[in-house]
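Below is work-v6.txt, which holds compact mmCIF, C-alpha atoms (C1' of nucleotides).
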```txt
# COMPACT_ATOMS: atom_id res chain seq x y z
CA MET A 257 0.00 0.00 0.00
CA GLY A 258 2.93 2.31 0.50
CA ILE A 259 3.14 5.48 2.49
CA VAL A 260 -0.13 7.40 2.54
CA ARG A 261 0.37 9.85 5.37
CA ASN A 262 3.39 11.94 6.02
CA THR A 263 3.75 11.47 9.75
CA LYS A 264 6.59 12.67 11.91
CA SER A 265 7.96 9.13 12.18
CA VAL A 266 7.86 8.63 8.42
CA SER A 267 9.83 11.78 7.74
CA LEU A 268 12.39 10.91 10.40
CA VAL A 269 13.02 7.60 8.68
CA THR A 270 13.02 8.97 5.14
CA ASP A 271 15.32 11.82 6.19
CA PHE A 272 17.65 9.25 7.65
CA PHE A 273 17.81 7.29 4.42
CA ARG A 274 18.21 10.46 2.38
CA GLN A 275 21.52 11.24 4.03
CA MET A 276 22.56 7.62 4.51
CA ASP A 277 24.78 5.90 2.03
CA GLY A 278 25.03 2.21 2.52
CA ALA A 279 22.85 -0.19 4.37
CA VAL A 280 21.75 -0.35 7.96
CA GLY A 281 20.40 -3.15 10.08
CA VAL A 282 16.97 -2.88 11.59
CA VAL A 283 18.45 -3.41 15.01
CA GLU A 284 20.53 -0.26 14.63
CA LEU A 285 17.52 1.65 13.35
CA VAL A 286 15.46 0.56 16.33
CA GLU A 287 18.28 1.68 18.59
CA LYS A 288 18.73 4.97 16.73
CA PHE A 289 15.08 5.93 16.87
CA LYS A 290 14.42 4.62 20.34
CA GLY A 291 12.67 7.42 22.19
CA GLN A 292 11.32 8.88 18.98
CA MET A 293 9.20 6.00 17.85
CA ASN A 294 8.19 2.51 18.70
CA LYS A 295 9.94 -0.52 17.29
CA SER A 296 6.75 -1.77 15.62
CA THR A 297 6.46 1.58 13.91
CA ILE A 298 9.93 1.27 12.43
CA TYR A 299 9.23 -2.20 11.11
CA ARG A 300 5.96 -1.02 9.62
CA ILE A 301 7.41 2.09 8.02
CA LEU A 302 10.25 0.10 6.49
CA ASP A 303 7.76 -2.41 5.11
CA ARG A 304 5.83 0.37 3.48
CA LEU A 305 8.89 2.13 2.12
CA GLU A 306 9.94 -1.16 0.59
CA ASP A 307 6.53 -1.63 -1.00
CA GLU A 308 6.90 1.79 -2.50
CA GLY A 309 10.29 0.95 -3.96
CA ARG A 310 12.10 3.57 -1.90
CA VAL A 311 14.22 1.15 0.12
CA HIS A 312 15.17 -2.46 -0.39
CA SER A 313 15.90 -5.09 2.20
CA PHE A 314 18.26 -8.01 2.41
CA LEU A 315 19.63 -10.31 5.06
CA GLY A 316 23.05 -9.49 6.47
CA GLY A 317 25.70 -12.07 7.22
CA ASN A 318 24.09 -12.68 10.58
CA GLY A 319 20.69 -13.30 9.03
CA LEU A 320 19.30 -10.02 10.32
CA LYS A 321 17.31 -7.69 8.13
CA HIS A 322 19.08 -4.73 6.58
CA TYR A 323 17.76 -1.83 4.56
CA ALA A 324 19.25 0.56 2.04
CA LYS A 325 17.71 3.15 -0.22
CA CYS A 326 16.84 2.27 -3.78
CA HIS A 327 17.92 4.19 -6.81
CA ASN A 328 15.74 3.38 -9.77
CA CYS A 329 12.99 1.30 -8.29
CA THR A 330 9.29 1.84 -8.52
CA SER A 331 6.38 0.76 -6.41
CA GLY A 332 6.06 -2.98 -6.58
CA HIS A 333 9.18 -3.55 -8.60
CA HIS A 334 12.73 -3.53 -7.35
CA SER A 335 15.05 -3.20 -10.29
CA ASP A 336 18.38 -2.51 -8.66
CA ILE A 337 19.63 -5.92 -7.71
CA HIS A 338 23.20 -5.87 -6.50
CA PRO A 339 25.56 -7.57 -4.05
CA HIS A 340 26.05 -6.33 -0.53
CA PHE A 341 29.32 -6.09 1.29
CA GLN A 342 30.12 -6.11 4.97
CA CYS A 343 33.45 -5.14 6.46
CA THR A 344 34.50 -7.58 9.15
CA SER A 345 36.55 -4.88 10.82
CA CYS A 346 34.23 -1.89 11.14
CA GLY A 347 30.99 -3.76 10.53
CA LYS A 348 29.75 -1.31 7.94
CA VAL A 349 27.40 -2.75 5.31
CA GLU A 350 27.17 -1.27 1.84
CA CYS A 351 25.56 -1.81 -1.51
CA VAL A 352 27.98 -2.75 -4.26
CA SER A 353 27.20 -1.47 -7.71
CA CYS A 354 28.40 -4.25 -9.93
CA GLU A 355 26.74 -6.82 -12.08
CA ILE A 356 26.20 -10.28 -10.72
CA ALA A 357 27.06 -13.07 -13.09
CA ILE A 358 24.06 -15.35 -12.86
CA PRO A 359 25.29 -18.92 -13.04
CA GLU A 360 23.68 -21.22 -15.56
CA LEU A 361 22.57 -24.42 -13.93
CA PRO A 362 21.36 -27.48 -15.83
CA ASN A 363 17.61 -28.04 -15.41
CA LYS A 364 17.19 -25.11 -13.09
CA ARG A 365 15.61 -21.76 -13.68
CA ILE A 366 17.27 -19.11 -11.55
CA GLN A 367 14.96 -16.32 -10.55
CA GLN A 368 16.75 -14.52 -7.77
CA VAL A 369 20.39 -14.09 -6.84
CA GLN A 370 21.51 -13.00 -3.42
CA LEU A 371 25.20 -12.29 -3.12
CA PHE A 372 26.68 -11.30 0.20
CA LEU A 373 30.36 -10.46 0.43
CA THR A 374 32.49 -10.19 3.51
CA GLY A 375 35.93 -8.69 3.75
CA THR A 376 37.84 -5.56 4.57
CA CYS A 377 36.78 -2.15 3.34
CA GLU A 378 39.06 0.59 2.07
CA GLY A 379 39.09 2.46 5.35
CA CYS A 380 40.04 -0.60 7.35
CA SER A 381 42.61 -2.16 5.05
CA SER A 382 45.04 0.77 5.09
CA MET B 488 36.22 -29.73 19.98
CA GLY B 489 34.27 -31.93 17.65
CA ILE B 490 32.48 -35.15 18.41
CA VAL B 491 34.13 -37.15 21.16
CA ARG B 492 31.49 -39.64 22.13
CA ASN B 493 29.35 -41.69 19.84
CA THR B 494 25.98 -41.30 21.50
CA LYS B 495 22.68 -42.50 20.15
CA SER B 496 21.73 -38.94 19.22
CA VAL B 497 24.98 -38.37 17.38
CA SER B 498 24.57 -41.46 15.24
CA LEU B 499 20.97 -40.59 14.46
CA VAL B 500 22.08 -37.22 13.12
CA THR B 501 25.13 -38.52 11.24
CA ASP B 502 23.07 -41.35 9.73
CA PHE B 503 20.59 -38.78 8.57
CA PHE B 504 23.25 -36.74 6.82
CA ARG B 505 24.82 -39.86 5.33
CA GLN B 506 21.70 -40.60 3.33
CA MET B 507 20.73 -36.98 2.80
CA ASP B 508 21.70 -35.16 -0.33
CA GLY B 509 21.09 -31.47 -0.19
CA ALA B 510 20.62 -29.16 2.69
CA VAL B 511 18.12 -29.10 5.48
CA GLY B 512 16.97 -26.38 7.82
CA VAL B 513 17.48 -26.75 11.54
CA VAL B 514 13.78 -26.26 12.05
CA GLU B 515 13.04 -29.36 9.99
CA LEU B 516 15.71 -31.30 11.85
CA VAL B 517 14.24 -30.32 15.17
CA GLU B 518 10.84 -31.44 13.90
CA LYS B 519 12.23 -34.67 12.44
CA PHE B 520 14.00 -35.71 15.64
CA LYS B 521 11.35 -34.50 18.03
CA GLY B 522 10.70 -37.37 20.41
CA GLN B 523 14.17 -38.79 19.86
CA MET B 524 16.22 -35.91 21.17
CA ASN B 525 15.97 -32.44 22.58
CA LYS B 526 16.23 -29.36 20.43
CA SER B 527 19.30 -28.14 22.32
CA THR B 528 20.95 -31.46 21.58
CA ILE B 529 20.41 -31.07 17.85
CA TYR B 530 21.87 -27.58 17.86
CA ARG B 531 24.86 -28.78 19.86
CA ILE B 532 25.50 -31.83 17.70
CA LEU B 533 25.32 -29.73 14.54
CA ASP B 534 27.77 -27.25 16.04
CA ARG B 535 30.21 -30.04 16.76
CA LEU B 536 29.78 -31.69 13.37
CA GLU B 537 30.50 -28.33 11.79
CA ASP B 538 33.63 -27.88 13.91
CA GLU B 539 34.76 -31.26 12.71
CA GLY B 540 34.25 -30.34 9.07
CA ARG B 541 31.58 -32.97 8.52
CA VAL B 542 28.74 -30.57 7.81
CA HIS B 543 28.63 -26.92 6.84
CA SER B 544 26.01 -24.35 7.63
CA PHE B 545 24.59 -21.39 5.82
CA LEU B 546 21.58 -19.14 6.07
CA GLY B 547 18.64 -19.93 3.85
CA GLY B 548 16.59 -17.32 2.03
CA ASN B 549 14.53 -16.82 5.16
CA GLY B 550 17.62 -16.23 7.30
CA LEU B 551 17.27 -19.54 9.07
CA LYS B 552 20.20 -21.86 9.57
CA HIS B 553 20.63 -24.74 7.18
CA TYR B 554 23.07 -27.62 7.18
CA ALA B 555 24.47 -29.92 4.53
CA LYS B 556 27.23 -32.50 4.60
CA CYS B 557 30.72 -31.56 3.55
CA HIS B 558 32.79 -33.37 0.98
CA ASN B 559 36.43 -32.51 1.35
CA CYS B 560 36.57 -30.52 4.54
CA THR B 561 38.70 -31.11 7.57
CA SER B 562 38.39 -30.15 11.18
CA GLY B 563 38.64 -26.39 11.48
CA HIS B 564 38.75 -25.73 7.77
CA HIS B 565 35.85 -25.71 5.37
CA SER B 566 37.17 -25.95 1.85
CA ASP B 567 34.05 -26.61 -0.16
CA ILE B 568 32.54 -23.20 -0.67
CA HIS B 569 29.67 -23.22 -3.11
CA PRO B 570 26.34 -21.58 -3.81
CA HIS B 571 23.08 -22.87 -2.44
CA PHE B 572 19.85 -23.10 -4.30
CA GLN B 573 16.28 -23.14 -3.08
CA CYS B 574 13.29 -24.08 -5.18
CA THR B 575 10.42 -21.68 -4.61
CA SER B 576 7.96 -24.37 -5.57
CA CYS B 577 8.92 -27.42 -3.52
CA GLY B 578 11.10 -25.60 -1.01
CA LYS B 579 14.00 -28.01 -1.36
CA VAL B 580 17.43 -26.55 -0.67
CA GLU B 581 20.52 -27.96 -2.30
CA CYS B 582 24.23 -27.37 -2.65
CA VAL B 583 25.32 -26.33 -6.11
CA SER B 584 28.70 -27.55 -7.24
CA CYS B 585 29.95 -24.71 -9.35
CA GLU B 586 32.62 -22.10 -8.98
CA ILE B 587 31.70 -18.68 -7.72
CA ALA B 588 33.22 -15.84 -9.63
CA ILE B 589 34.58 -13.58 -6.91
CA PRO B 590 34.05 -9.99 -7.98
CA GLU B 591 37.00 -7.63 -7.86
CA LEU B 592 36.13 -4.49 -6.01
CA PRO B 593 38.33 -1.40 -5.88
CA ASN B 594 39.91 -0.90 -2.45
CA LYS B 595 38.17 -3.88 -0.96
CA ARG B 596 39.55 -7.23 0.02
CA ILE B 597 36.89 -9.91 -0.35
CA GLN B 598 37.29 -12.74 2.09
CA GLN B 599 34.01 -14.59 1.95
CA VAL B 600 31.33 -15.02 -0.68
CA GLN B 601 27.84 -16.19 0.11
CA LEU B 602 25.68 -16.86 -2.90
CA PHE B 603 22.09 -17.90 -2.47
CA LEU B 604 20.01 -18.69 -5.53
CA THR B 605 16.26 -18.98 -5.75
CA GLY B 606 14.28 -20.42 -8.61
CA THR B 607 12.63 -23.55 -9.91
CA CYS B 608 14.27 -26.96 -9.71
CA GLU B 609 14.20 -29.62 -12.40
CA GLY B 610 11.40 -31.57 -10.76
CA CYS B 611 9.16 -28.53 -10.47
CA SER B 612 9.77 -26.87 -13.82
CA SER B 613 8.51 -29.76 -15.95
C1' DT C 184 -11.91 25.89 11.69
C1' DT C 185 -14.53 22.38 13.24
C1' DT C 186 -16.03 17.73 12.54
C1' DA C 187 -15.83 13.23 10.56
C1' DT C 188 -13.13 9.60 8.46
C1' DT C 189 -9.31 6.70 7.96
C1' DT C 190 -4.46 5.80 8.57
C1' DT C 191 -0.84 5.35 11.73
C1' DT C 192 1.11 4.73 16.17
C1' DG C 193 2.12 2.86 20.95
C1' DC C 194 1.73 -0.66 23.80
C1' DA C 195 1.82 -5.04 25.52
C1' DA C 196 1.63 -9.49 24.63
C1' DC C 197 3.01 -12.85 21.69
C1' DT C 198 5.79 -16.18 18.34
C1' DC C 199 9.74 -18.48 17.10
C1' DA C 200 14.82 -19.51 16.50
C1' DG C 201 18.51 -20.09 19.07
C1' DT C 202 21.24 -20.15 23.66
C1' DC C 203 22.47 -21.29 28.49
C1' DG C 204 23.07 -23.18 33.24
C1' DC C 205 22.69 -27.04 35.70
C1' DA C 206 21.49 -31.43 37.37
C1' DA C 207 20.93 -36.11 35.54
C1' DT C 208 22.54 -39.52 32.40
C1' DA C 209 25.42 -42.21 29.48
C1' DA C 210 29.91 -43.28 27.19
C1' DA C 211 34.45 -44.39 27.66
C1' DA C 212 38.49 -45.19 30.58
C1' DC C 213 40.38 -47.40 34.37
C1' DG D 1069 32.31 -52.64 38.35
C1' DT D 1070 33.67 -48.10 39.43
C1' DT D 1071 35.26 -43.59 38.25
C1' DT D 1072 35.73 -39.91 35.17
C1' DT D 1073 34.16 -36.79 31.84
C1' DA D 1074 31.29 -35.67 27.84
C1' DT D 1075 26.65 -35.32 26.60
C1' DT D 1076 21.80 -34.77 27.22
C1' DG D 1077 17.20 -32.97 28.89
C1' DC D 1078 14.90 -29.55 30.83
C1' DG D 1079 13.32 -25.15 31.63
C1' DA D 1080 14.14 -20.67 31.49
C1' DC D 1081 15.87 -17.21 28.92
C1' DT D 1082 17.24 -13.82 24.85
C1' DG D 1083 16.37 -11.16 20.92
C1' DA D 1084 14.17 -10.35 16.32
C1' DG D 1085 10.08 -9.76 14.41
C1' DT D 1086 4.70 -9.78 14.48
C1' DT D 1087 -0.08 -8.72 15.92
C1' DG D 1088 -4.52 -6.95 17.90
C1' DC D 1089 -6.46 -3.20 19.65
C1' DA D 1090 -7.37 1.19 21.58
C1' DA D 1091 -5.54 5.95 21.31
C1' DA D 1092 -3.64 9.54 18.54
C1' DA D 1093 -2.66 12.00 14.45
C1' DA D 1094 -3.31 13.19 9.55
C1' DT D 1095 -6.19 14.11 5.82
C1' DA D 1096 -10.80 14.99 3.85
C1' DA D 1097 -15.27 16.88 4.29
C1' DA D 1098 -18.41 20.20 5.96
```
Here is the file; what I need is its structure written in the form of structure tokens.
Amino acid sequence: MGIVRNTKSVSLVTDFFRQMDGAVGVVELVEKFKGQMNKSTIYRILDRLEDEGRVHSFLGGNGLKHYAKCHNCTSGHHSDIHPHFQCTSCGKVECVSCEIAIPELPNKRIQQVQLFLTGTCEGCSS
Amino acid sequence: MGIVRNTKSVSLVTDFFRQMDGAVGVVELVEKFKGQMNKSTIYRILDRLEDEGRVHSFLGGNGLKHYAKCHNCTSGHHSDIHPHFQCTSCGKVECVSCEIAIPELPNKRIQQVQLFLTGTCEGCSS
DNA sequence: TTTATTTTTGCAACTCAGTCGCAATAAAAC
DNA sequence: GTTTTATTGCGACTGAGTTGCAAAAATAAA
């Protein structure tokens, strides 16, 4: 259904994503907005933003839900599929803008590819 | 530490993996062995089998832990890294024996690659 | 600007995967 | 057979995520 009403909580979250590059775990978002909104509210707003194609979600290396803003997605269709990278040193998670080579498998039709990379980021490897 | 004692529970689990091709979620294992062993026991046995290099674990599309038997791994070192595939129709999860092309990213050192594929398996696409 | 309508929020209680401490049990060693 | 030590069962717990419902806030209507 998407976002219908521009509430204070909605603009807090959208503002956050506007100035946020990279991805963030829901746990951190709940922590960040604790005191400003309820945890259910965050989950619900993120759901709606995802419906609208304004953020996309994926599971981090720990299996926990992460969100990052979309770039060319529309409501109901997420078109920017890309790998995600997490630095083992600083923990930061980011979207990686590169093509994923979809493997051809005999007798299988691949519909979705989730690629999660772990390593050391530029800041931490120096 | 690995498996030190060959208990009834341990052989039930190892027997299961011996005749199991593909991967299985912990939830299904807990369900399968309900009545024969406690859920904590399953988790602990799987941990130890993984330490030993006899099974490997990964997170399924739902973020839940899955296990599959290893082929050429040793205690402390898992050498068979491969993608995993889940059929959206029958739900079956399997290990895919193909090489993963590790993407080169500027200023990043990639240490680990997790590739999870979703689609339709041969049985379900006919 | 007041009232009515409908969405959104807060809250508290819940589900479910996974973990933990500890006493009881079972395997292996002696 | 007895002792030692790993393993198990149990129950309680943690932490992410969900849900129902009444209260509050946003938009639409008057």
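Distance annotation: of C:DC194, C:DA212, C:DA207, C:DA200, the residue with the minimal separation from chain B is C:DA200; atom set is all atoms listed in the file.
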Which residues of chain A come within 12 Å of chain C, and what is each one's closest atom pair and distance in Å (one decimal), counting all atoms listed in the file, sorted by chain and residue number, as a Markdown table?
```
| residue | atom | partner | partner_atom | distance |
| --- | --- | --- | --- | --- |
| A:Met257 | CA | C:DT190 | C1' | 11.3 |
| A:Gly258 | CA | C:DT190 | C1' | 11.5 |
| A:Ile259 | CA | C:DT190 | C1' | 9.7 |
| A:Val260 | CA | C:DT190 | C1' | 7.6 |
| A:Arg261 | CA | C:DT190 | C1' | 7.1 |
| A:Asn262 | CA | C:DT191 | C1' | 9.7 |
| A:Thr263 | CA | C:DT191 | C1' | 7.9 |
| A:Lys264 | CA | C:DT191 | C1' | 10.4 |
| A:Ser265 | CA | C:DT192 | C1' | 9.1 |
| A:Val266 | CA | C:DT191 | C1' | 9.9 |
| A:Gly291 | CA | C:DG193 | C1' | 11.6 |
| A:Gln292 | CA | C:DG193 | C1' | 11.2 |
| A:Met293 | CA | C:DG193 | C1' | 8.3 |
| A:Asn294 | CA | C:DG193 | C1' | 6.5 |
| A:Lys295 | CA | C:DG193 | C1' | 9.3 |
| A:Ser296 | CA | C:DG193 | C1' | 8.4 |
| A:Thr297 | CA | C:DT192 | C1' | 6.6 |
| A:Ile298 | CA | C:DT192 | C1' | 10.2 |
| A:Tyr299 | CA | C:DT192 | C1' | 11.8 |
| A:Arg300 | CA | C:DT191 | C1' | 9.6 |
| A:Ile301 | CA | C:DT191 | C1' | 9.6 |
| A:Arg304 | CA | C:DT191 | C1' | 11.7 |
| A:Gly319 | CA | C:DA200 | C1' | 11.3 |
```
Using C-alpha atoms, can you write the selected residues to a file as a compact mmCIF listing (two decimals), in the frame of the given file?
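After the write, result.txt holds the following:
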```
# COMPACT_ATOMS: atom_id res chain seq x y z
CA MET A 257 0.00 0.00 0.00
CA GLY A 258 2.93 2.31 0.50
CA ILE A 259 3.14 5.48 2.49
CA VAL A 260 -0.13 7.40 2.54
CA ARG A 261 0.37 9.85 5.37
CA ASN A 262 3.39 11.94 6.02
CA THR A 263 3.75 11.47 9.75
CA LYS A 264 6.59 12.67 11.91
CA SER A 265 7.96 9.13 12.18
CA VAL A 266 7.86 8.63 8.42
CA GLY A 291 12.67 7.42 22.19
CA GLN A 292 11.32 8.88 18.98
CA MET A 293 9.20 6.00 17.85
CA ASN A 294 8.19 2.51 18.70
CA LYS A 295 9.94 -0.52 17.29
CA SER A 296 6.75 -1.77 15.62
CA THR A 297 6.46 1.58 13.91
CA ILE A 298 9.93 1.27 12.43
CA TYR A 299 9.23 -2.20 11.11
CA ARG A 300 5.96 -1.02 9.62
CA ILE A 301 7.41 2.09 8.02
CA ARG A 304 5.83 0.37 3.48
CA GLY A 319 20.69 -13.30 9.03
```
Query - Straight-line distance linking atom CA of B:Ser498 with atom C1' of D:DT1073, stated in Å to one decimal - result: 19.7 Å
Please identify all residues of chain D having at least one atom at most 7 Å from any atom of chain B, considering all atoms listed in the file, and return them as a PDB file with C-alpha atoms (C1' of nucleotides), keeping the file's coordinate frame.
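Saved result, selection28.pdb, follows:
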```pdb
ATOM      1  C1'  DA D1074      31.290 -35.670  27.840  1.00  0.00           C
ATOM      2  C1'  DT D1076      21.800 -34.770  27.220  1.00  0.00           C
ATOM      3  C1'  DG D1077      17.200 -32.970  28.890  1.00  0.00           C
TER       4       DG D1077
END
```
For the interface of chain B with chain A (cut-off 10 Å, counting only C-alpha atoms), please tabulate each contacting residue of chain B alongside its nearest pair of atoms and their separation in Å to one decimal, rows sorted by chain and increasing number, as a Markdown table.
```
| residue | atom | partner | partner_atom | distance |
| --- | --- | --- | --- | --- |
| B:Phe545 | CA | A:Gly317 | CA | 9.5 |
| B:Leu546 | CA | A:Gly319 | CA | 6.6 |
| B:Gly547 | CA | A:Gly319 | CA | 8.7 |
| B:Gly548 | CA | A:Leu315 | CA | 8.2 |
| B:Asn549 | CA | A:Gly319 | CA | 8.1 |
| B:Gly550 | CA | A:Gly319 | CA | 4.6 |
| B:Leu551 | CA | A:Gly319 | CA | 7.1 |
| B:Lys552 | CA | A:Gly319 | CA | 8.6 |
| B:Pro570 | CA | A:Leu371 | CA | 9.4 |
| B:Phe572 | CA | A:Ile366 | CA | 8.7 |
| B:Gln573 | CA | A:Ile366 | CA | 9.4 |
| B:Cys574 | CA | A:Lys364 | CA | 8.9 |
| B:Thr575 | CA | A:Gln367 | CA | 9.2 |
| B:Val583 | CA | A:Leu361 | CA | 8.5 |
| B:Ser584 | CA | A:Leu361 | CA | 9.6 |
| B:Cys585 | CA | A:Pro359 | CA | 8.3 |
| B:Glu586 | CA | A:Pro359 | CA | 9.0 |
| B:Ile587 | CA | A:Pro359 | CA | 8.3 |
| B:Ala588 | CA | A:Ala357 | CA | 7.6 |
| B:Ile589 | CA | A:Leu373 | CA | 9.0 |
| B:Pro590 | CA | A:Cys354 | CA | 8.3 |
| B:Glu591 | CA | A:Cys354 | CA | 9.5 |
| B:Leu592 | CA | A:Val352 | CA | 8.5 |
| B:Pro593 | CA | A:Glu378 | CA | 8.2 |
| B:Asn594 | CA | A:Glu378 | CA | 4.8 |
| B:Lys595 | CA | A:Cys377 | CA | 4.8 |
| B:Arg596 | CA | A:Thr376 | CA | 5.1 |
| B:Ile597 | CA | A:Gly375 | CA | 4.4 |
| B:Gln598 | CA | A:Gly375 | CA | 4.6 |
| B:Gln599 | CA | A:Thr374 | CA | 4.9 |
| B:Val600 | CA | A:Leu373 | CA | 4.8 |
| B:Gln601 | CA | A:Phe372 | CA | 5.0 |
| B:Leu602 | CA | A:Leu371 | CA | 4.6 |
| B:Phe603 | CA | A:Gln370 | CA | 5.0 |
| B:Leu604 | CA | A:Val369 | CA | 4.8 |
| B:Thr605 | CA | A:Gln368 | CA | 4.9 |
| B:Gly606 | CA | A:Ile366 | CA | 4.4 |
| B:Thr607 | CA | A:Arg365 | CA | 5.1 |
| B:Cys608 | CA | A:Lys364 | CA | 4.8 |
| B:Glu609 | CA | A:Asn363 | CA | 4.8 |
| B:Gly610 | CA | A:Asn363 | CA | 8.5 |
| B:Cys611 | CA | A:Lys364 | CA | 9.1 |
| B:Ser612 | CA | A:Lys364 | CA | 7.7 |
| B:Ser613 | CA | A:Asn363 | CA | 9.3 |
```
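Taking atom C1' of D:DC1089 as the reference point, atom CA of A:Lys290 is found at 22.3 Å.
Going from atom CA of A:Lys288 to atom CA of A:His312 covers 19.0 Å.
Proximity of A:Glu308, A:Met276, A:Ile337, A:Cys346 to A:Lys325, computed with only C-alpha atoms, is greatest for A:Met276.
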